[in-house]
$ cat entry.cif   # mmCIF, C-alpha atoms
data_data
loop_
_atom_site.group_PDB
_atom_site.id
_atom_site.type_symbol
_atom_site.label_atom_id
_atom_site.label_comp_id
_atom_site.auth_asym_id
_atom_site.auth_seq_id
_atom_site.Cartn_x
_atom_site.Cartn_y
_atom_site.Cartn_z
ATOM 1 C CA MET A 1 -3.265 -62.873 -14.991
ATOM 2 C CA GLU A 2 -0.781 -65.062 -16.840
ATOM 3 C CA GLU A 3 1.180 -65.610 -13.622
ATOM 4 C CA ASN A 4 -1.962 -66.874 -11.844
ATOM 5 C CA MET A 5 -2.684 -69.230 -14.745
ATOM 6 C CA ASP A 6 0.878 -70.546 -14.677
ATOM 7 C CA GLU A 7 0.680 -71.039 -10.922
ATOM 8 C CA SER A 8 -2.641 -72.904 -11.154
ATOM 9 C CA GLN A 9 -1.259 -75.118 -13.926
ATOM 10 C CA SER A 10 1.837 -75.821 -11.828
ATOM 11 C CA GLN A 11 -0.322 -76.800 -8.835
ATOM 12 C CA LYS A 12 -2.464 -78.984 -11.082
ATOM 13 C CA GLY A 13 0.648 -80.669 -12.455
ATOM 14 C CA CYS A 14 1.975 -81.350 -8.932
ATOM 15 C CA LYS A 15 -1.398 -82.748 -7.893
ATOM 16 C CA GLU A 16 -1.508 -85.095 -10.887
ATOM 17 C CA CYS A 17 2.069 -86.175 -10.190
ATOM 18 C CA CYS A 18 1.243 -86.940 -6.540
ATOM 19 C CA GLU A 19 -1.896 -88.843 -7.528
ATOM 20 C CA ARG A 20 0.119 -90.865 -10.019
ATOM 21 C CA CYS A 21 2.793 -91.655 -7.452
ATOM 22 C CA VAL A 22 0.220 -92.683 -4.837
ATOM 23 C CA GLY A 23 -1.670 -94.749 -7.412
ATOM 24 C CA SER A 24 1.494 -96.546 -8.518
ATOM 25 C CA LEU A 25 2.211 -97.909 -5.023
ATOM 26 C CA PRO A 26 1.121 -101.495 -4.318
ATOM 27 C CA TRP A 27 -0.465 -100.660 -0.983
ATOM 28 C CA ALA A 28 -1.450 -104.239 -0.123
ATOM 29 C CA SER A 29 2.072 -105.567 -0.685
ATOM 30 C CA LEU A 30 3.602 -102.530 1.033
ATOM 31 C CA ILE A 31 1.498 -102.943 4.182
ATOM 32 C CA ALA A 32 2.177 -106.692 4.219
ATOM 33 C CA THR A 33 5.932 -106.080 3.839
ATOM 34 C CA ILE A 34 6.003 -103.584 6.719
ATOM 35 C CA LEU A 35 4.009 -105.980 8.904
ATOM 36 C CA LEU A 36 6.304 -108.868 7.952
ATOM 37 C CA TYR A 37 9.466 -106.911 8.767
ATOM 38 C CA MET A 38 8.026 -105.737 12.085
ATOM 39 C CA GLY A 39 6.978 -109.270 13.024
ATOM 40 C CA VAL A 40 10.268 -110.881 11.990
ATOM 41 C CA ALA A 41 12.311 -108.172 13.759
ATOM 42 C CA LEU A 42 10.240 -108.545 16.926
ATOM 43 C CA PHE A 43 10.457 -112.329 16.874
ATOM 44 C CA CYS A 44 14.172 -112.513 16.060
ATOM 45 C CA GLY A 45 15.281 -109.762 18.441
ATOM 46 C CA CYS A 46 13.148 -110.742 21.421
ATOM 47 C CA GLY A 47 13.592 -114.468 20.769
ATOM 48 C CA HIS A 48 17.384 -114.150 20.692
ATOM 49 C CA GLU A 49 17.509 -112.195 23.961
ATOM 50 C CA ALA A 50 14.986 -114.533 25.591
ATOM 51 C CA LEU A 51 17.176 -117.528 24.728
ATOM 52 C CA SER A 52 20.191 -115.741 26.220
ATOM 53 C CA GLY A 53 18.169 -115.063 29.372
ATOM 54 C CA THR A 54 17.188 -118.733 29.522
ATOM 55 C CA VAL A 55 20.871 -119.717 29.452
ATOM 56 C CA SER A 56 21.575 -117.331 32.332
ATOM 57 C CA ILE A 57 18.678 -118.716 34.398
ATOM 58 C CA LEU A 58 19.763 -122.319 33.821
ATOM 59 C CA GLN A 59 23.351 -121.597 34.823
ATOM 60 C CA ASN A 60 22.688 -119.316 37.818
ATOM 61 C CA TYR A 61 19.694 -120.951 39.527
ATOM 62 C CA PHE A 62 19.529 -124.543 38.264
ATOM 63 C CA GLU A 63 23.334 -124.991 38.084
ATOM 64 C CA VAL A 64 23.189 -126.630 34.664
ATOM 65 C CA ILE A 65 26.667 -126.973 33.169
ATOM 66 C CA ARG A 66 27.472 -127.062 29.473
ATOM 67 C CA ALA A 67 28.460 -130.566 28.431
ATOM 68 C CA PRO A 68 32.053 -130.961 27.200
ATOM 69 C CA GLY A 69 32.776 -131.656 23.558
ATOM 70 C CA GLU A 70 30.034 -131.826 20.968
ATOM 71 C CA THR A 71 27.410 -133.444 23.175
ATOM 72 C CA LEU A 72 23.859 -132.411 22.337
ATOM 73 C CA ASP A 73 22.538 -130.684 25.443
ATOM 74 C CA VAL A 74 20.138 -127.845 26.155
ATOM 75 C CA PHE A 75 22.813 -125.201 25.524
ATOM 76 C CA THR A 76 23.670 -126.680 22.131
ATOM 77 C CA ILE A 77 19.975 -126.669 21.214
ATOM 78 C CA ILE A 78 19.714 -123.014 22.255
ATOM 79 C CA ASP A 79 22.729 -122.178 20.065
ATOM 80 C CA ILE A 80 21.074 -123.972 17.126
ATOM 81 C CA LEU A 81 17.874 -121.985 17.702
ATOM 82 C CA LYS A 82 19.889 -118.760 17.636
ATOM 83 C CA TYR A 83 21.400 -119.686 14.269
ATOM 84 C CA ILE A 84 17.901 -120.476 12.990
ATOM 85 C CA ILE A 85 16.831 -116.991 14.087
ATOM 86 C CA TYR A 86 19.734 -115.478 12.119
ATOM 87 C CA GLY A 87 18.655 -117.418 9.036
ATOM 88 C CA LEU A 88 15.012 -116.358 9.431
ATOM 89 C CA ALA A 89 15.973 -112.704 9.683
ATOM 90 C CA ALA A 90 18.123 -112.793 6.525
ATOM 91 C CA GLY A 91 15.818 -115.037 4.491
ATOM 92 C CA PHE A 92 12.604 -113.150 5.132
ATOM 93 C CA PHE A 93 14.273 -109.817 4.456
ATOM 94 C CA VAL A 94 15.056 -111.043 0.920
ATOM 95 C CA PHE A 95 11.632 -112.678 0.569
ATOM 96 C CA GLY A 96 9.870 -109.455 1.566
ATOM 97 C CA VAL A 97 11.841 -107.498 -1.030
ATOM 98 C CA LEU A 98 10.916 -110.022 -3.746
ATOM 99 C CA LEU A 99 7.221 -109.834 -2.912
ATOM 100 C CA LEU A 100 7.305 -106.043 -2.802
ATOM 101 C CA VAL A 101 9.016 -105.857 -6.212
ATOM 102 C CA GLU A 102 6.456 -108.266 -7.623
ATOM 103 C CA GLY A 103 3.704 -106.013 -6.294
ATOM 104 C CA PHE A 104 5.257 -102.965 -7.986
ATOM 105 C CA PHE A 105 5.462 -104.699 -11.358
ATOM 106 C CA THR A 106 1.833 -105.782 -11.220
ATOM 107 C CA THR A 107 0.593 -102.278 -10.463
ATOM 108 C CA GLY A 108 -1.015 -100.561 -13.444
ATOM 109 C CA ALA A 109 1.108 -97.405 -13.458
ATOM 110 C CA ILE A 110 4.384 -99.323 -13.240
ATOM 111 C CA ARG A 111 3.232 -101.722 -15.947
ATOM 112 C CA ASP A 112 2.530 -98.772 -18.237
ATOM 113 C CA LEU A 113 6.068 -97.487 -17.672
ATOM 114 C CA TYR A 114 7.884 -100.765 -18.265
ATOM 115 C CA GLY A 115 5.566 -102.352 -20.790
ATOM 116 C CA GLU A 116 3.554 -105.572 -20.614
ATOM 117 C CA PHE A 117 6.291 -107.367 -18.705
ATOM 118 C CA LYS A 118 4.089 -109.376 -16.376
ATOM 119 C CA ILE A 119 1.502 -110.436 -18.952
ATOM 120 C CA THR A 120 3.645 -113.338 -20.088
ATOM 121 C CA ALA A 121 3.863 -116.989 -19.207
ATOM 122 C CA CYS A 122 7.060 -116.266 -17.262
ATOM 123 C CA GLY A 123 5.354 -113.517 -15.249
ATOM 124 C CA ARG A 124 2.386 -115.717 -14.384
ATOM 125 C CA CYS A 125 4.682 -118.592 -13.415
ATOM 126 C CA LEU A 126 6.688 -116.274 -11.168
ATOM 127 C CA THR A 127 3.535 -115.071 -9.413
ATOM 128 C CA ALA A 128 2.324 -118.656 -8.972
ATOM 129 C CA PHE A 129 5.725 -119.658 -7.543
ATOM 130 C CA LEU A 130 5.633 -116.765 -5.064
ATOM 131 C CA MET A 131 2.111 -117.814 -4.054
ATOM 132 C CA PHE A 132 3.419 -121.310 -3.339
ATOM 133 C CA LEU A 133 6.295 -119.913 -1.263
ATOM 134 C CA ALA A 134 3.971 -117.561 0.619
ATOM 135 C CA TYR A 135 1.647 -120.451 1.491
ATOM 136 C CA LEU A 136 4.598 -122.621 2.543
ATOM 137 C CA PHE A 137 6.037 -119.866 4.746
ATOM 138 C CA PHE A 138 2.569 -119.269 6.168
ATOM 139 C CA LEU A 139 2.579 -122.863 7.399
ATOM 140 C CA VAL A 140 6.152 -122.405 8.680
ATOM 141 C CA TRP A 141 5.181 -119.360 10.722
ATOM 142 C CA LEU A 142 2.154 -121.181 12.098
ATOM 143 C CA GLY A 143 4.540 -123.854 13.344
ATOM 144 C CA VAL A 144 6.912 -121.224 14.747
ATOM 145 C CA THR A 145 4.004 -119.569 16.573
ATOM 146 C CA ALA A 146 2.933 -122.887 18.086
ATOM 147 C CA PHE A 147 6.532 -123.673 19.076
ATOM 148 C CA THR A 148 7.020 -120.224 20.660
ATOM 149 C CA SER A 149 3.893 -120.668 22.758
ATOM 150 C CA LEU A 150 5.573 -123.539 24.650
ATOM 151 C CA PRO A 151 8.242 -121.466 26.484
ATOM 152 C CA VAL A 152 5.604 -118.770 27.064
ATOM 153 C CA PHE A 153 3.433 -121.348 28.844
ATOM 154 C CA MET A 154 6.390 -122.685 30.857
ATOM 155 C CA TYR A 155 7.590 -119.249 31.949
ATOM 156 C CA PHE A 156 4.027 -118.205 32.748
ATOM 157 C CA ASN A 157 3.743 -121.075 35.226
ATOM 158 C CA VAL A 158 7.047 -120.143 36.867
ATOM 159 C CA TRP A 159 6.153 -116.454 36.876
ATOM 160 C CA SER A 160 2.758 -117.228 38.436
ATOM 161 C CA MET A 161 4.454 -119.226 41.189
ATOM 162 C CA CYS A 162 6.746 -116.314 41.907
ATOM 163 C CA GLN A 163 3.864 -113.853 41.969
ATOM 164 C CA ASN A 164 2.030 -116.026 44.504
ATOM 165 C CA THR A 165 4.901 -117.020 46.777
ATOM 166 C CA SER A 166 2.726 -116.697 49.891
ATOM 167 C CA LEU A 167 0.285 -119.261 48.497
ATOM 168 C CA VAL A 168 2.891 -121.823 47.443
ATOM 169 C CA GLU A 169 5.127 -121.375 50.479
ATOM 170 C CA GLY A 170 3.453 -124.139 52.432
ATOM 171 C CA ALA A 171 3.127 -126.436 49.438
ATOM 172 C CA ASN A 172 5.993 -128.656 48.388
ATOM 173 C CA LEU A 173 6.214 -127.473 44.755
ATOM 174 C CA CYS A 174 9.383 -127.870 42.713
ATOM 175 C CA LEU A 175 10.521 -126.868 39.250
ATOM 176 C CA ASP A 176 12.245 -129.939 37.824
ATOM 177 C CA LEU A 177 14.037 -129.483 34.489
ATOM 178 C CA ARG A 178 13.578 -133.170 33.726
ATOM 179 C CA GLN A 179 9.868 -132.487 33.208
ATOM 180 C CA PHE A 180 10.721 -130.075 30.377
ATOM 181 C CA GLY A 181 13.348 -132.284 28.763
ATOM 182 C CA ALA A 182 16.112 -129.775 29.472
ATOM 183 C CA VAL A 183 18.310 -132.360 31.181
ATOM 184 C CA THR A 184 18.548 -136.141 31.136
ATOM 185 C CA ILE A 185 16.563 -138.354 33.500
ATOM 186 C CA SER A 186 19.673 -139.221 35.514
ATOM 187 C CA GLU A 187 20.369 -135.566 36.329
ATOM 188 C CA GLU A 188 18.435 -133.891 39.088
ATOM 189 C CA ARG A 189 18.185 -130.152 38.494
ATOM 190 C CA LYS A 190 15.286 -128.660 40.386
ATOM 191 C CA VAL A 191 14.403 -125.607 42.455
ATOM 192 C CA CYS A 192 11.684 -125.930 45.107
ATOM 193 C CA ALA A 193 9.404 -123.251 46.467
ATOM 194 C CA GLY A 194 10.674 -121.836 49.747
ATOM 195 C CA SER A 195 14.340 -122.382 48.936
ATOM 196 C CA GLU A 196 16.857 -119.573 48.712
ATOM 197 C CA LYS A 197 17.448 -120.113 44.987
ATOM 198 C CA PHE A 198 13.727 -119.937 44.327
ATOM 199 C CA PHE A 199 13.416 -116.558 46.051
ATOM 200 C CA LYS A 200 16.525 -115.223 44.340
ATOM 201 C CA MET A 201 15.193 -116.289 40.950
ATOM 202 C CA CYS A 202 11.819 -114.692 41.622
ATOM 203 C CA GLU A 203 13.373 -111.427 42.827
ATOM 204 C CA SER A 204 15.763 -111.156 39.885
ATOM 205 C CA ASN A 205 14.920 -109.260 36.715
ATOM 206 C CA GLU A 206 16.052 -112.159 34.531
ATOM 207 C CA LEU A 207 12.896 -114.233 34.965
ATOM 208 C CA ASP A 208 10.465 -111.364 34.447
ATOM 209 C CA LEU A 209 12.399 -109.985 31.457
ATOM 210 C CA THR A 210 12.820 -113.391 29.800
ATOM 211 C CA PHE A 211 9.116 -114.164 30.193
ATOM 212 C CA HIS A 212 8.032 -110.882 28.614
ATOM 213 C CA LEU A 213 10.607 -111.262 25.840
ATOM 214 C CA PHE A 214 9.094 -114.615 24.919
ATOM 215 C CA VAL A 215 5.645 -113.006 24.920
ATOM 216 C CA CYS A 216 6.923 -110.323 22.514
ATOM 217 C CA ALA A 217 8.502 -113.009 20.334
ATOM 218 C CA LEU A 218 5.134 -114.811 20.216
ATOM 219 C CA ALA A 219 3.449 -111.556 19.199
ATOM 220 C CA GLY A 220 6.055 -111.094 16.452
ATOM 221 C CA ALA A 221 5.425 -114.606 15.117
ATOM 222 C CA GLY A 222 1.693 -113.871 15.075
ATOM 223 C CA ALA A 223 2.312 -110.646 13.160
ATOM 224 C CA ALA A 224 4.372 -112.603 10.610
ATOM 225 C CA VAL A 225 1.472 -115.059 10.172
ATOM 226 C CA ILE A 226 -0.925 -112.160 9.498
ATOM 227 C CA ALA A 227 1.596 -110.661 7.040
ATOM 228 C CA MET A 228 1.798 -113.940 5.110
ATOM 229 C CA VAL A 229 -2.016 -114.002 4.885
ATOM 230 C CA HIS A 230 -1.889 -110.450 3.468
ATOM 231 C CA PHE A 231 0.712 -111.543 0.931
ATOM 232 C CA LEU A 232 -1.400 -114.524 -0.103
ATOM 233 C CA MET A 233 -4.405 -112.269 -0.708
ATOM 234 C CA ALA A 234 -2.312 -109.759 -2.679
ATOM 235 C CA LEU A 235 -0.665 -112.471 -4.787
ATOM 236 C CA ALA A 236 -4.017 -114.137 -5.487
ATOM 237 C CA ALA A 237 -5.395 -110.787 -6.668
ATOM 238 C CA ASN A 238 -2.305 -110.206 -8.819
ATOM 239 C CA TRP A 239 -2.647 -113.683 -10.311
ATOM 240 C CA GLY A 240 -6.259 -112.998 -11.262
ATOM 241 C CA TYR A 241 -5.316 -109.649 -12.752
ATOM 242 C CA LEU A 242 -2.493 -111.157 -14.818
ATOM 243 C CA LYS A 243 -4.726 -113.964 -16.054
ATOM 244 C CA ASP A 244 -7.459 -111.537 -17.162
ATOM 245 C CA ALA A 245 -4.912 -109.169 -18.687
ATOM 246 C CA SER A 246 -3.340 -112.032 -20.643
ATOM 247 C CA ARG A 247 -6.745 -113.032 -22.044
ATOM 248 C CA MET A 248 -7.493 -109.426 -22.941
ATOM 249 C CA GLN A 249 -4.128 -109.126 -24.660
ATOM 250 C CA LYS A 250 -4.819 -112.252 -26.730
ATOM 251 C CA TYR A 251 -8.240 -110.865 -27.654
ATOM 252 C CA GLU A 252 -6.710 -107.547 -28.739
ATOM 253 C CA ASP A 253 -4.098 -109.366 -30.838
ATOM 254 C CA ILE A 254 -6.746 -111.469 -32.590
ATOM 255 C CA LYS A 255 -8.939 -108.410 -33.118
ATOM 256 C CA SER A 256 -6.110 -106.329 -34.593
ATOM 257 C CA LYS A 257 -5.109 -109.251 -36.837
ATOM 258 C CA GLU A 258 -8.658 -109.617 -38.166
ATOM 259 C CA GLU A 259 -8.913 -105.868 -38.731
ATOM 260 C CA GLN A 260 -5.636 -105.938 -40.629
ATOM 261 C CA GLU A 261 -6.875 -108.817 -42.782
ATOM 262 C CA LEU A 262 -10.129 -106.960 -43.535
ATOM 263 C CA HIS A 263 -8.133 -103.863 -44.394
ATOM 264 C CA ASP A 264 -5.910 -105.865 -46.744
ATOM 265 C CA ILE A 265 -8.935 -107.453 -48.420
ATOM 266 C CA HIS A 266 -10.572 -104.042 -48.846
ATOM 267 C CA SER A 267 -7.375 -102.564 -50.285
ATOM 268 C CA THR A 268 -7.012 -105.483 -52.722
ATOM 269 C CA ARG A 269 -10.601 -105.121 -53.952
ATOM 270 C CA SER A 270 -10.175 -101.383 -54.356
ATOM 271 C CA LYS A 271 -7.085 -101.929 -56.481
ATOM 272 C CA GLU A 272 -8.900 -104.532 -58.595
ATOM 273 C CA ARG A 273 -11.797 -102.161 -59.203
ATOM 274 C CA LEU A 274 -9.415 -99.379 -60.103
ATOM 275 C CA ASN A 275 -7.548 -101.627 -62.556
ATOM 276 C CA ALA A 276 -10.819 -102.800 -64.104
ATOM 277 C CA TYR A 277 -11.996 -99.196 -64.499
ATOM 278 C CA THR A 278 -8.760 -98.087 -66.133
#
$ encode --input "entry.cif" --output "structure tokens"
Amino acid sequence: MEENMDESQSQKGCKECCERCVGSLPWASLIATILLYMGVALFCGCGHEALSGTVSILQNYFEVIRAPGETLDVFTIIDILKYIIYGLAAGFFVFGVLLLVEGFFTTGAIRDLYGEFKITACGRCLTAFLMFLAYLFFLVWLGVTAFTSLPVFMYFNVWSMCQNTSLVEGANLCLDLRQFGAVTISEERKVCAGSEKFFKMCESNELDLTFHLFVCALAGAGAAVIAMVHFLMALAANWGYLKDASRMQKYEDIKSKEEQELHDIHSTRSKERLNAYT
């Protein structure tokens, strides 16, 4: 009988522990962090490989040569974009950790463990600063999404031409890099439908893979935008909670102070009555 009671108490204790652990997790911030990491990883990984595929296509089929020295050409711009991708990956990894930690400290169970840390002016200022950063990065990712849609549109046109080679065979259609700003006006780098280079480019895996990599990068940027919206909602809720908790804390302090004053007055009167009686 005692063993059954001990076992039931042990199960009850494990259940309470699990409920406490689950309740202490900031689910909104956790889901937003996972979505942000997935979006950034998809954008950075696919974007980097898509840029490398673009370099290969330009060199193999359009015969674009890297300019000597430090001249700003399309290859230099692609290298700069790769470094930007490296910076995005590192920066948003740190930013996601900061937002997740902030979510943990504003959760009720964690606050009970570590005290009223966040219900201070510093805590509210930190949450407001993270809200500002989240909104700023939301605008940044909107711009990145719009920018990523441009190569998707360009590659979609080329891919559509390759998928309908029988329809464009009679037409005199050409892909001129000067239209996309990839080369200067004086350079003529184009591939026309019906030429050998055009068919080789369409039959190669580079074009199809690069196009779909850019599509995946666009999807990753969109996921990052949704993650920043999630973070904004979570931070706004945390800000409201901290503001209400701060007001409640001030009310409790004033109430306890008044009760202490009433207690002191009552004690003083009791002593005076006792002295008068004696």
$ residues_around --input "entry.cif" --residues "Ile84 in chain A" --least-positions-apart "4" --cutoff "12 Å" --atoms "all atoms listed in the file" --output "ChimeraX atom specification"
/A:43-44,47-48,77-80,88-92,144
$ atom_distance --input "entry.cif" --atom1 "CA of Glu203 in chain A" --atom2 "CA of Glu187 in chain A"
26.0 Å
$ closest_residue --input "entry.cif" --among "A:Ile85, A:Met38, A:Ile57, A:Leu142" --to "Val229 in chain A" --atoms "only C-alpha atoms"
A:Leu142
$ atom_distance --input "entry.cif" --atom1 "CA of Phe199 in chain A" --atom2 "CA of Gln163 in chain A"
10.7 Å
$ residues_around --input "entry.cif" --residues "Thr148 in chain A" --least-positions-apart "6" --cutoff "8 Å" --atoms "only C-alpha atoms" --output "PyMOL selection string"
chain A and resi 214+217-218
$ atom_distance --input "entry.cif" --atom1 "CA of Phe211 in chain A" --atom2 "CA of Cys162 in chain A"
12.1 Å
$ resolve_selection --input "entry.cif" --expression "the PyMOL selection byres ((chain A and resi 213) around 12)" --output "ChimeraX atom specification"
/A:42-54,148-149,151-152,155-156,205-212,214-220
$ closest_residue --input "entry.cif" --among "A:Ile265, A:Met131, A:Val225, A:Val183" --to "Thr145 in chain A" --atoms "all atoms listed in the file"
A:Val225
$ residues_around --input "entry.cif" --residues "Ala28 in chain A" --least-positions-apart "4" --cutoff "8 Å" --atoms "all atoms listed in the file" --output "MDAnalysis selection string"
chainID A and resid 32 230:231 234
$ write_last_selection --input "entry.cif" --atoms "C-alpha atoms" --output "PDB file, in the coordinates of the input"
ATOM      1  CA  ALA A  32       2.177-106.692   4.219  1.00  0.00           C
ATOM      2  CA  HIS A 230      -1.889-110.450   3.468  1.00  0.00           C
ATOM      3  CA  PHE A 231       0.712-111.543   0.931  1.00  0.00           C
ATOM      4  CA  ALA A 234      -2.312-109.759  -2.679  1.00  0.00           C
TER       5      ALA A 234
END
$ axis_aligned_box --input "entry.cif" --around "range 52-63 of chain A" --padding-each-side "3 Å" --output "JSON"
{"center_x": 20.3, "center_y": -120.0, "center_z": 32.9, "size_x": 12.2, "size_y": 15.9, "size_z": 19.3}
$ residues_around --input "entry.cif" --residues "Ala182 in chain A" --least-positions-apart "3" --cutoff "9 Å" --atoms "only C-alpha atoms" --output "PDB file with C-alpha atoms, in the frame of the given file"
ATOM      1  CA  ASP A  73      22.538-130.684  25.443  1.00  0.00           C
ATOM      2  CA  VAL A  74      20.138-127.845  26.155  1.00  0.00           C
ATOM      3  CA  LEU A 177      14.037-129.483  34.489  1.00  0.00           C
ATOM      4  CA  ARG A 178      13.578-133.170  33.726  1.00  0.00           C
ATOM      5  CA  GLN A 179       9.868-132.487  33.208  1.00  0.00           C
TER       6      GLN A 179
END
$ closest_atom_pairs --input "entry.cif" --of "range 132-243 of chain A" --to "range 95-100 of chain A" --cutoff "12 Å" --atoms "all atoms listed in the file" --output "Markdown table"
| residue | atom | partner | partner_atom | distance |
| --- | --- | --- | --- | --- |
| A:Leu133 | CA | A:Phe95 | CA | 9.2 |
| A:Ala134 | CA | A:Phe95 | CA | 9.1 |
| A:Phe137 | CA | A:Phe95 | CA | 10.0 |
| A:Ala224 | CA | A:Gly96 | CA | 11.0 |
| A:Ala227 | CA | A:Gly96 | CA | 10.0 |
| A:Met228 | CA | A:Gly96 | CA | 9.9 |
| A:His230 | CA | A:Leu99 | CA | 11.1 |
| A:Phe231 | CA | A:Leu99 | CA | 7.7 |
| A:Leu232 | CA | A:Leu99 | CA | 10.2 |
| A:Ala234 | CA | A:Leu99 | CA | 9.5 |
| A:Leu235 | CA | A:Leu99 | CA | 8.5 |
| A:Asn238 | CA | A:Leu99 | CA | 11.2 |
$ residues_near_point --input "entry.cif" --point "(-4.1, -111.6, -7.1)" --cutoff "12 Å" --atoms "all atoms listed in the file" --output "short mmCIF file (atom, residue, chain, number, x, y, z; two decimals) with C-alpha atoms, in the coordinates of the input"
data_model
loop_
_atom_site.label_atom_id
_atom_site.label_comp_id
_atom_site.auth_asym_id
_atom_site.auth_seq_id
_atom_site.Cartn_x
_atom_site.Cartn_y
_atom_site.Cartn_z
CA PRO A 26 1.12 -101.50 -4.32
CA ALA A 28 -1.45 -104.24 -0.12
CA SER A 29 2.07 -105.57 -0.68
CA GLU A 102 6.46 -108.27 -7.62
CA GLY A 103 3.70 -106.01 -6.29
CA THR A 106 1.83 -105.78 -11.22
CA THR A 107 0.59 -102.28 -10.46
CA ARG A 124 2.39 -115.72 -14.38
CA THR A 127 3.54 -115.07 -9.41
CA ALA A 128 2.32 -118.66 -8.97
CA LEU A 130 5.63 -116.76 -5.06
CA MET A 131 2.11 -117.81 -4.05
CA HIS A 230 -1.89 -110.45 3.47
CA PHE A 231 0.71 -111.54 0.93
CA LEU A 232 -1.40 -114.52 -0.10
CA MET A 233 -4.40 -112.27 -0.71
CA ALA A 234 -2.31 -109.76 -2.68
CA LEU A 235 -0.66 -112.47 -4.79
CA ALA A 236 -4.02 -114.14 -5.49
CA ALA A 237 -5.40 -110.79 -6.67
CA ASN A 238 -2.31 -110.21 -8.82
CA TRP A 239 -2.65 -113.68 -10.31
CA GLY A 240 -6.26 -113.00 -11.26
CA TYR A 241 -5.32 -109.65 -12.75
CA LEU A 242 -2.49 -111.16 -14.82
CA LYS A 243 -4.73 -113.96 -16.05
CA ASP A 244 -7.46 -111.54 -17.16
CA ALA A 245 -4.91 -109.17 -18.69
#
$ closest_residue --input "entry.cif" --among "A:Leu173, A:Leu126, A:Leu36, A:Ala146" --to "Val94 in chain A" --atoms "all atoms listed in the file"
A:Leu36
